[in-house]
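The structure appears right after this line, and notes come after that.
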Amino acid sequence: MRLTSLYDALSKRRMQGQKSLAVLLDPDNLDEESCLRILELSEQHTVDYFFMGGSLVTSVHQAALIRFIKSRSAVPVLLFPSNSLHLDAQADGILLLSLISGRNPDFLIGQHVIAAPLLRASNLQILPTGYMLVDTGRQTTASYISGTTPLPYDKPSIAACTAMAGEQLGLRLMYLDGGSGAMYPVSPAMIRAVRQAVDTPLIVGGGINTQEKAQAALEAGADVIVVGNHIEKDPSFLAEMSHTIRHFNQTTDSTDYSRITRIL
C-alpha cells in the first residue's frame with residue numbers, strides 16, 4: 001500500500017514532536033450556518049484537520065457539508081465513517097477504521113469489504129486506522145452501535161497490547177476514543193502506554209473539554225487532539241485548543257522526539 005501524502009505529513013510531524021488539532025464535525029449536529037462559524041474560527045485559529053462523521057449519521061447533509069467546507073477552506077477533510085454508507089469522494093481522505101478494541105467482525109473487516117471497490121475507484125487518501133474505544137464513564141453511541149465492549153479505563157496494558165497488535169497487522173494510525181459525551185477523557189496513563197508500545201501517529205479524542213485535559217493528553221504522547229461536541233456548544237473553545245497546541249509546539253524540543261523508540 002502506498003503511503004499517502006496526508007500520512008507522510010502526519011508521520012513527519014510526529015517525528016518532529018509537532019502536535020495537531022482536529023475538529024470532529026457531526027453532520028447530524030451541523031447546518032451551513034453553524035459550519036460557517038467553525039470555518040471562520042478556523043481561519044483565525046489554526047486547525048489541522050476536519051474529521052467528518054459520527055457513530056450514527058441520520059442526516060442526508062454530509063455531502064453538502066463537505067462540499068461547503070471544501071469551497072471555503074484549505075483544511076483537509078477526512079471521513080470518520082461508522083459504515084460504508086458514509087463514503088464520499090469529495091473528501092481528501094478517510095480514516096479507514098478497524099475497531100480493534102472490539103470483536104465484532106463487521107467493524108473489523110465486514111464494512112471494509114463492502115467499501116473496498118468504492119474506495120479503490122475514488123481518489124480518497126486511505127489511512128488505515130486502529131480504532132480503540134475506551135470506557136469513559138457511560139455507554140457511548142459508538143459502543144452501542146458497534147455492539148462492542150470498550151477497553152477498561154484503568155487497564156493501560158490492554159490498550160498497549162491492542163495497539164501493538166494493530167500495528168503488527170499493518171495499521172498506520174492508532175485512535176484512542178472516549179466517544180461522544182464522554183464523562184472524562186482517556187487517561188494520560190493509557191495514552192502513555194500506547195505511545196510507548198507503537199511507532200504510529202496517535203490520535204486521541206473524547207472528553208477533551210478543557211485546556212488542562214488537552215495539555216495532559218499532549219504531554220502523555222498524543223499526536224493529534226480531537227475536539228467536537230464542546231466546540232458545537234462553545235465555539236470559542238476552538239481558540240483555546242489552538243493556543244494550547246501552538247504553545248506546546250513552540251516549547252517542545254523536537255530533537256528529543258525524533259529519538260523516541262518503543263520500550264514495550
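Please note that chains go A, B, ... in the order of the C-alpha cells, that every chain numbers its residues from 1, and that ligands are numbered from 1 in the order shown.
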
Exercise for review: Check region 69-236 of chain A with DSSP on the backbone and list each residue it calls alpha helix (DSSP H), as a ChimeraX atom specification.
Suggested key: /A:69-72,105,111-121,141-146,156-168,188-197,211-220,229-233

**Study point:** Test item: residues at most 6 Å from region 35-47 of chain A, only C-alpha atoms, excluding those fewer than 2 positions along its chain, as a PyMOL selection string
**Key:** chain A and resi 21+31-33+49+239+242

I need the residues from that last selection saved to file as a PDB file, in the first residue's frame (with C-alpha atoms), if you can.
ATOM      1  CA  LEU A  21      -5.626  19.718  16.174  1.00  0.00           C
ATOM      2  CA  ASP A  31     -26.064  23.099   9.275  1.00  0.00           C
ATOM      3  CA  GLU A  32     -24.388  25.570   6.919  1.00  0.00           C
ATOM      4  CA  GLU A  33     -24.717  28.428   9.417  1.00  0.00           C
ATOM      5  CA  TYR A  49      -7.849  18.583  10.091  1.00  0.00           C
ATOM      6  CA  ALA A 239      -9.297  29.324  20.164  1.00  0.00           C
ATOM      7  CA  SER A 242      -5.449  26.097  19.029  1.00  0.00           C
TER       8      SER A 242
END

Review point. If you count only C-alpha atoms, which residues fall within 12 Å of Ala193 (chain A), apart from same-chain ones fewer than 5 positions away, as a list in words?
Key: Asp154, Lys155, Pro156, Ser157, Ile158, Ala159, Ala160, Cys161, Thr162, Ala163, Met164, Leu176, Val186, Ser187, Pro188, Val198, Asp199, Leu202, Ala217, Ala220, Gly221, Ala222, Arg262, Ile263 and Leu264 of chain A

Now that the selection is made, can you save its residues with C-alpha atoms as a compact mmCIF listing (two decimals), in the first residue's frame?
# COMPACT_ATOMS: atom_id res chain seq x y z
CA ASP A 154 -7.83 1.57 34.20
CA LYS A 155 -6.08 -1.10 32.09
CA PRO A 156 -3.42 0.73 30.03
CA SER A 157 -1.60 -2.53 29.32
CA ILE A 158 -4.62 -3.93 27.44
CA ALA A 159 -4.73 -0.81 25.28
CA ALA A 160 -0.97 -1.04 24.65
CA CYS A 161 -1.13 -4.67 23.56
CA THR A 162 -4.19 -3.97 21.39
CA ALA A 163 -2.39 -1.12 19.64
CA MET A 164 0.73 -3.25 19.27
CA LEU A 176 -7.96 6.21 21.28
CA VAL A 186 -8.81 8.84 28.02
CA SER A 187 -6.31 8.73 30.88
CA PRO A 188 -2.75 10.01 30.43
CA VAL A 198 3.80 1.66 18.92
CA ASP A 199 5.56 3.95 16.46
CA LEU A 202 -1.57 8.53 17.85
CA ALA A 217 -3.03 14.25 26.59
CA ALA A 220 1.35 11.80 27.55
CA GLY A 221 2.08 11.35 23.83
CA ALA A 222 -0.99 12.20 21.75
CA ARG A 262 9.48 1.53 21.71
CA ILE A 263 10.12 0.43 25.27
CA LEU A 264 7.47 -2.27 25.48

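The interatomic distance for the pair CA of Asp88 (chain A) and CA of Asp26 (chain A) works out to 14.4 Å.
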
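Reported to one decimal place, the separation of CA of Glu232 (chain A) from CA of Ser59 (chain A) is 16.5 Å.
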
Point to revise | Shell of 8 Å around Thr244 (chain A), only C-alpha atoms, local chain residues under 5 positions omitted, as an NGL selection string | key: :A and (211 or 214-215)

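Closest to His86 (chain A) among A:Met183, A:Val57, A:Ile109, A:Ile114 is A:Val57, based on only C-alpha atoms.
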
Point to revise | Neighbour list for Lys12 (chain A) as a ChimeraX atom specification, cut-off 12 Å, only C-alpha atoms, skip fewer than 2 positions in-chain | key: /A:5-10,14-20,199-201,223,254,257-258

Point to revise | region 3-218 of chain A: residues DSSP assigns to strand (DSSP E or B), reported as a ChimeraX atom specification | key: /A:20-25,49-53,77-80,93-99,125-134,151,173-177,202-205

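Relative to CA of Val226 (chain A), CA of Leu24 (chain A) is found at 6.5 Å.
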
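Each of A:Phe50, A:Tyr144, A:Tyr175, A:Tyr153 was checked against Asn104 (chain A) using only C-alpha atoms; the smallest atom-to-atom distance is that of A:Tyr144.
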
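Excluding Leu127 (chain A) itself and same-chain residues fewer than 2 positions from it, the residues having an atom within 7 Å of it are Tyr7, Ile94, Leu95, Leu96, Gln125, Thr129 and Arg172 of chain A, counting only C-alpha atoms.
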
Can I get the selection written as a PDB file, in the first residue's frame, with C-alpha atoms?
ATOM      1  CA  TYR A   7       0.019  10.121   6.228  1.00  0.00           C
ATOM      2  CA  ILE A  94     -10.577   8.616   5.021  1.00  0.00           C
ATOM      3  CA  LEU A  95      -9.675   7.243   8.396  1.00  0.00           C
ATOM      4  CA  LEU A  96     -10.338   3.621   7.446  1.00  0.00           C
ATOM      5  CA  GLN A 125      -6.256   9.010   0.515  1.00  0.00           C
ATOM      6  CA  THR A 129      -6.533   3.271  11.477  1.00  0.00           C
ATOM      7  CA  ARG A 172      -0.760   3.026  10.149  1.00  0.00           C
TER       8      ARG A 172
END
